[in-house]
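Participant: So here's structure16.csv (CSV, C-alpha atoms).
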```csv
chain,number,residue,atom,x,y,z
A,1,MET,CA,-7.8,53.1,113.4
A,2,SER,CA,-10.1,50.0,113.3
A,3,TYR,CA,-12.4,51.8,115.8
A,4,ALA,CA,-12.0,55.3,114.3
A,5,ILE,CA,-13.2,54.7,110.8
A,6,ASP,CA,-16.9,54.6,109.8
A,7,ARG,CA,-17.3,51.6,107.6
A,8,THR,CA,-20.9,52.4,106.7
A,9,ARG,CA,-19.9,55.8,105.3
A,10,LEU,CA,-17.0,54.4,103.4
A,11,ALA,CA,-19.0,51.7,101.9
A,12,ARG,CA,-21.7,54.2,100.9
A,13,ILE,CA,-19.0,56.2,99.0
A,14,LEU,CA,-17.9,53.0,97.1
A,15,SER,CA,-21.6,52.2,96.3
A,16,ALA,CA,-22.1,55.7,94.8
A,17,THR,CA,-19.2,55.2,92.3
A,18,PRO,CA,-20.3,53.9,88.9
A,19,ARG,CA,-18.9,50.4,88.1
A,20,PRO,CA,-18.4,48.7,84.7
A,21,GLN,CA,-20.5,45.8,86.0
A,22,GLY,CA,-23.3,48.2,86.7
A,23,ASN,CA,-24.9,46.1,89.5
A,24,LEU,CA,-22.6,46.3,92.4
A,25,VAL,CA,-23.1,48.0,95.8
A,26,ASP,CA,-20.8,47.8,98.8
A,27,LYS,CA,-21.9,46.3,102.1
A,28,PRO,CA,-20.0,47.6,105.2
A,29,THR,CA,-17.8,44.9,106.8
A,30,ASP,CA,-15.0,44.6,109.3
A,31,SER,CA,-13.9,41.1,108.2
A,32,TYR,CA,-11.1,40.1,105.8
A,33,LEU,CA,-13.2,37.3,104.5
A,34,PRO,CA,-16.4,38.5,102.8
A,35,ALA,CA,-19.8,36.9,103.3
A,36,GLY,CA,-20.1,33.8,101.1
A,37,MET,CA,-16.4,33.0,101.5
A,38,PRO,CA,-15.8,29.7,103.4
A,39,GLY,CA,-14.5,30.6,106.9
A,40,ALA,CA,-16.1,34.0,106.9
A,41,PRO,CA,-17.2,35.0,110.5
A,42,LYS,CA,-20.9,35.5,111.4
A,43,GLY,CA,-20.3,38.3,113.9
A,44,HIS,CA,-18.2,41.5,114.1
A,45,VAL,CA,-14.9,42.4,115.9
A,46,TYR,CA,-15.2,46.1,115.2
A,47,PRO,CA,-18.3,48.4,114.8
A,48,LEU,CA,-19.7,49.3,111.4
A,49,HIS,CA,-19.9,52.9,112.7
A,50,ALA,CA,-17.0,54.8,114.3
A,51,ASP,CA,-16.5,54.2,118.0
A,52,LEU,CA,-14.6,57.4,118.8
A,53,ARG,CA,-14.6,56.9,122.5
A,54,THR,CA,-12.7,53.6,122.3
A,55,ALA,CA,-10.5,54.9,119.4
A,56,ARG,CA,-9.4,57.9,121.4
A,57,LYS,CA,-8.8,55.9,124.5
A,58,LEU,CA,-6.5,53.5,122.6
A,59,ALA,CA,-4.8,56.3,120.6
A,60,GLY,CA,-4.2,58.6,123.6
A,61,ARG,CA,-3.2,62.2,123.1
A,62,ILE,CA,-1.3,62.1,119.8
A,63,ASP,CA,-0.6,64.4,116.9
A,64,ARG,CA,0.9,62.4,114.1
A,65,THR,CA,1.1,62.5,110.4
A,66,ALA,CA,0.6,59.5,108.1
A,67,VAL,CA,1.1,59.2,104.4
A,68,LEU,CA,-1.7,57.7,102.4
A,69,TYR,CA,-1.2,56.3,98.8
A,70,THR,CA,-4.2,56.0,96.6
A,71,CYS,CA,-5.4,56.4,93.0
A,72,ASN,CA,-6.6,59.8,91.5
A,73,THR,CA,-9.9,58.6,90.1
A,74,ALA,CA,-13.2,58.0,91.8
A,75,PRO,CA,-13.8,56.7,94.4
A,76,CYS,CA,-10.2,57.1,95.6
A,77,PRO,CA,-10.1,60.9,96.3
A,78,GLN,CA,-13.5,60.6,98.0
A,79,ILE,CA,-12.3,57.7,100.2
A,80,ALA,CA,-9.1,59.6,101.0
A,81,ALA,CA,-11.1,62.7,102.1
A,82,GLU,CA,-13.4,60.6,104.3
A,83,LEU,CA,-10.4,58.8,105.9
A,84,SER,CA,-8.7,62.2,106.5
A,85,SER,CA,-11.7,63.5,108.3
A,86,GLU,CA,-12.2,60.4,110.4
A,87,LEU,CA,-8.6,59.9,111.4
A,88,ARG,CA,-8.1,63.6,112.2
A,89,ARG,CA,-10.5,63.1,115.1
A,90,ILE,CA,-8.0,60.8,116.9
A,91,GLY,CA,-5.0,62.9,116.2
A,92,ILE,CA,-3.8,61.4,112.9
A,93,ASN,CA,-3.4,63.8,110.0
A,94,LEU,CA,-3.2,62.3,106.6
A,95,ARG,CA,-0.9,63.5,103.8
A,96,VAL,CA,-2.6,62.1,100.7
A,97,ARG,CA,-0.5,61.2,97.6
A,98,THR,CA,-2.6,60.2,94.6
A,99,PHE,CA,-1.3,58.4,91.5
A,100,PRO,CA,-2.8,57.6,88.1
A,101,GLY,CA,-4.1,54.1,87.3
A,102,GLY,CA,-2.3,51.3,89.1
A,103,ILE,CA,0.8,53.4,89.8
A,104,ALA,CA,-0.1,53.6,93.5
A,105,TYR,CA,0.2,49.9,93.7
A,106,GLU,CA,3.6,49.9,91.9
A,107,GLN,CA,4.9,52.6,94.3
A,108,ALA,CA,3.7,50.6,97.3
A,109,THR,CA,5.5,47.4,96.2
A,110,ARG,CA,8.9,49.2,96.4
A,111,LEU,CA,11.0,48.2,99.4
A,112,ASN,CA,10.8,50.9,102.1
A,113,ALA,CA,8.4,53.0,100.2
A,114,PRO,CA,7.6,56.1,102.2
A,115,TYR,CA,3.9,55.5,102.9
A,116,ASP,CA,1.9,54.4,106.0
A,117,ILE,CA,-1.5,53.5,104.5
A,118,LEU,CA,-2.6,52.2,101.1
A,119,ALA,CA,-6.2,52.4,100.2
A,120,PHE,CA,-6.9,49.5,97.8
A,121,GLY,CA,-9.4,46.9,96.8
A,122,TRP,CA,-8.9,43.2,96.4
A,123,GLU,CA,-10.8,40.4,94.6
A,124,ALA,CA,-10.2,36.7,95.4
A,125,ASP,CA,-9.2,34.6,92.4
A,126,TRP,CA,-11.3,31.6,93.7
A,127,LEU,CA,-13.6,30.8,96.6
A,128,ASP,CA,-10.9,30.1,99.2
A,129,PRO,CA,-9.5,32.1,102.2
A,130,ALA,CA,-6.0,31.5,101.0
A,131,THR,CA,-6.5,33.8,98.0
A,132,ILE,CA,-7.0,36.7,100.5
A,133,LEU,CA,-4.9,35.9,103.6
A,134,GLY,CA,-2.2,33.9,101.9
A,135,THR,CA,-1.7,36.5,99.2
A,136,LEU,CA,-2.0,39.8,101.1
A,137,LEU,CA,0.0,38.6,104.2
A,138,ASP,CA,2.9,36.7,102.4
A,139,PRO,CA,6.2,38.0,103.8
A,140,SER,CA,8.2,36.3,101.2
A,141,THR,CA,7.1,38.7,98.5
A,142,ILE,CA,8.1,41.9,100.3
A,143,GLY,CA,10.5,43.9,98.1
A,144,ASN,CA,9.5,42.0,94.9
A,145,PRO,CA,7.9,43.8,92.0
A,146,ASN,CA,4.8,41.7,92.3
A,147,ASN,CA,4.5,42.1,96.1
A,148,LEU,CA,0.9,42.3,97.3
A,149,ASN,CA,1.8,42.3,101.0
A,150,PHE,CA,1.2,46.1,101.1
A,151,ALA,CA,1.2,46.1,104.9
A,152,ASN,CA,4.7,44.7,104.9
A,153,PHE,CA,3.4,42.2,107.4
A,154,ARG,CA,6.0,40.0,109.0
A,155,ASP,CA,5.1,37.6,111.8
A,156,PRO,CA,6.7,34.1,111.8
A,157,ALA,CA,4.0,32.6,114.0
A,158,THR,CA,1.2,33.8,111.8
A,159,SER,CA,3.1,32.8,108.6
A,160,ALA,CA,3.5,29.3,110.1
A,161,ARG,CA,-0.2,29.1,110.9
A,162,LEU,CA,-1.2,30.3,107.4
A,163,ALA,CA,1.0,27.7,105.8
A,164,ALA,CA,-0.4,25.0,108.0
A,165,ALA,CA,-4.0,26.0,107.2
A,166,SER,CA,-3.2,25.9,103.5
A,167,ARG,CA,-2.3,22.2,103.7
A,168,LEU,CA,-5.6,21.2,105.4
A,169,ASP,CA,-8.7,19.9,103.6
A,170,PRO,CA,-12.2,21.3,104.3
A,171,PRO,CA,-13.9,21.6,106.7
A,172,LYS,CA,-10.8,21.8,109.0
A,173,ARG,CA,-9.2,24.2,106.4
A,174,TYR,CA,-12.0,26.7,106.7
A,175,ARG,CA,-12.2,26.5,110.5
A,176,ALA,CA,-8.4,27.2,110.7
A,177,TYR,CA,-8.7,30.2,108.5
A,178,ALA,CA,-11.7,31.5,110.5
A,179,HIS,CA,-9.9,31.3,113.8
A,180,LEU,CA,-6.8,32.9,112.4
A,181,THR,CA,-8.7,35.7,110.8
A,182,ALA,CA,-10.5,36.5,114.0
A,183,GLU,CA,-7.2,36.5,116.0
A,184,LEU,CA,-5.5,38.7,113.5
A,185,GLU,CA,-8.3,41.3,113.5
A,186,ARG,CA,-8.4,41.4,117.3
A,187,ARG,CA,-4.7,41.2,118.1
A,188,ALA,CA,-2.8,43.4,115.7
A,189,PRO,CA,-4.7,43.9,112.4
A,190,PRO,CA,-2.3,44.5,109.5
A,191,LEU,CA,-5.3,45.3,107.3
A,192,ILE,CA,-8.6,47.2,107.9
A,193,ALA,CA,-11.6,46.0,105.9
A,194,TYR,CA,-14.5,48.4,105.4
A,195,GLY,CA,-16.6,47.2,102.4
A,196,ALA,CA,-17.4,44.2,100.3
A,197,ASP,CA,-19.1,44.1,96.9
A,198,GLN,CA,-22.6,42.9,96.8
A,199,SER,CA,-24.3,42.0,93.5
A,200,TYR,CA,-28.0,42.4,92.8
A,201,ASN,CA,-29.8,41.0,89.7
A,202,LEU,CA,-33.3,41.3,88.4
A,203,PHE,CA,-34.9,38.4,86.4
A,204,SER,CA,-38.1,37.9,84.6
A,205,GLY,CA,-40.6,35.7,86.4
A,206,ARG,CA,-40.2,33.2,83.5
A,207,ILE,CA,-36.5,32.6,84.4
A,208,ALA,CA,-36.0,29.5,86.5
A,209,CYS,CA,-33.1,27.2,87.4
A,210,GLN,CA,-31.1,30.2,88.8
A,211,HIS,CA,-27.7,29.6,90.2
A,212,TYR,CA,-25.6,32.3,91.8
A,213,GLU,CA,-21.8,31.6,92.4
A,214,PRO,CA,-20.7,33.8,95.3
A,215,LEU,CA,-17.4,34.9,93.6
A,216,TYR,CA,-18.3,35.2,90.0
A,217,GLY,CA,-22.0,35.9,90.1
A,218,VAL,CA,-24.8,34.6,88.0
A,219,ASP,CA,-24.2,31.4,86.1
A,220,LEU,CA,-26.1,32.1,82.9
A,221,ALA,CA,-25.5,28.6,81.4
A,222,THR,CA,-27.6,27.0,84.2
A,223,HIS,CA,-30.7,29.2,83.6
A,224,CYS,CA,-33.8,27.9,82.0
A,225,VAL,CA,-37.2,29.4,80.9
A,226,THR,CA,-40.5,28.2,82.4
A,227,ARG,CA,-43.3,27.4,80.0
```
Would you mind giving the structure from this file in structure tokens?
Facilitator:
Amino acid sequence: MSYAIDRTRLARILSATPRPQGNLVDKPTDSYLPAGMPGAPKGHVYPLHADLRTARKLAGRIDRTAVLYTCNTAPCPQIAAELSSELRRIGINLRVRTFPGGIAYEQATRLNAPYDILAFGWEADWLDPATILGTLLDPSTIGNPNNLNFANFRDPATSARLAAASRLDPPKRYRAYAHLTAELERRAPPLIAYGADQSYNLFSGRIACQHYEPLYGVDLATHCVTR
């Protein structure tokens, strides 16, 4: 699946969806850690466009059905339709189940919920890889009402390495997460990243002292006006 999807097309669908913030577009990515996050890789493990030759070689001759959970408002149905089209080309037929609001997440947290794929977005709480990897791959939360390990990922070796990385201080901390991220994406990716929010802002030429915080955006309190 990591080779079959077209991240550029999926990110374009996200960018076309109106946002409350009004200034976000999505940049295609294959990394769990977005640009600006400490430990984010500089290269790519997977292509930003579909590599069907590789995907079909890995998938073999299959005819399978997978259940996709997602929401019922834009861009969820559009993303689901695109994923259905892309995965059908490697023999995976999606059966899409849509839910209102955050019900898709609630359904996915249930133990042994009958789904194979959940299309969802995630925003880090602060600028640290642990808020992504440590949260979305925590096996101790599986089956709990607040579970965010939607992949139901369980791997004792990876969990031990995540715990070890969380105890380190920078820069060793960020290097450990970077190595772990790359290995996860290559070896047995429990998640597939395809788009990361990018913010664009237009300022008057009189605005100086601009400071942009990668996670929260423009820091208005630090701006000043030139004379």
Participant: Can you work out which one of A:Cys224, A:Leu111, A:Asp197, A:Phe153 has the shortest atom-to-atom distance to A:Ser15, counting all atoms listed in the file?
Facilitator: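 Checking each candidate against A:Ser15, we get A:Asp197 as the closest.
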Participant: How many Å separate atom CA of A:Cys71 from atom CA of A:Leu136?
Facilitator: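 Interatomic distance, atom CA of A:Cys71 to atom CA of A:Leu136: 18.8 Å.
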Participant: Neighbours of A:Gly101 within 12 Å (only C-alpha atoms; same-chain residues fewer than 6 positions away dropped), as a PyMOL selection string?
Facilitator: chain A and resi 70-74+76+107+120
Participant: When you draw a straight line from atom CA of A:Gln210 to atom CA of A:Val25, how long is it in Å?
Facilitator: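 It comes out at 20.7 Å.
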Participant: Can you tell me which residues surround A:Ala55 at a distance of at most 12 Å, considering only C-alpha atoms, apart from same-chain residues fewer than 2 positions away, and format the answer as a PyMOL selection string?
Facilitator: chain A and resi 1-6+46-47+49-53+57-62+86-92
Participant: In Å to one decimal, how far is atom CA of A:Ser140 from atom CA of A:Arg110?
Facilitator: 13.8 Å
Participant: Using only C-alpha atoms, which protein or nucleic acid residues come within 12 Å of A:Asp116? Drop anything in the same chain fewer than 2 positions from it, and give the result as a list in words.
Facilitator: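 Using only C-alpha atoms, the neighbours found are Arg64, Thr65, Ala66, Val67, Leu68, Tyr69, Thr70, Ile92, Asn93, Leu94, Arg95, Val96, Arg97, Ala108, Asn112, Ala113, Pro114, Leu118, Ala119, Phe150, Ala151, Asn152, Pro190 and Leu191 of chain A.
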Participant: Find the residue from A:Pro77, A:Thr17, A:Tyr200, A:Glu123 that sits nearest to A:Pro100; use only C-alpha atoms when measuring.
Facilitator: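 That would be A:Pro77, the residue with the smallest distance to A:Pro100.
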Participant: Compile the contact shell of A:Ala165 as an mmCIF file with C-alpha atoms, in the coordinates of the input: residues with an atom at most 9 Å away, counting only C-alpha atoms, same-chain residues fewer than 2 positions apart removed.
Facilitator:
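Now in result.cif:
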```cif
data_model
loop_
_atom_site.group_PDB
_atom_site.id
_atom_site.type_symbol
_atom_site.label_atom_id
_atom_site.label_comp_id
_atom_site.auth_asym_id
_atom_site.auth_seq_id
_atom_site.Cartn_x
_atom_site.Cartn_y
_atom_site.Cartn_z
ATOM 1 C CA ALA A 130 -6.000 31.500 101.000
ATOM 2 C CA ALA A 160 3.500 29.300 110.100
ATOM 3 C CA ARG A 161 -0.200 29.100 110.900
ATOM 4 C CA LEU A 162 -1.200 30.300 107.400
ATOM 5 C CA ALA A 163 1.000 27.700 105.800
ATOM 6 C CA ARG A 167 -2.300 22.200 103.700
ATOM 7 C CA LEU A 168 -5.600 21.200 105.400
ATOM 8 C CA ASP A 169 -8.700 19.900 103.600
ATOM 9 C CA LYS A 172 -10.800 21.800 109.000
ATOM 10 C CA ARG A 173 -9.200 24.200 106.400
ATOM 11 C CA TYR A 174 -12.000 26.700 106.700
ATOM 12 C CA ARG A 175 -12.200 26.500 110.500
ATOM 13 C CA ALA A 176 -8.400 27.200 110.700
ATOM 14 C CA TYR A 177 -8.700 30.200 108.500
#
```
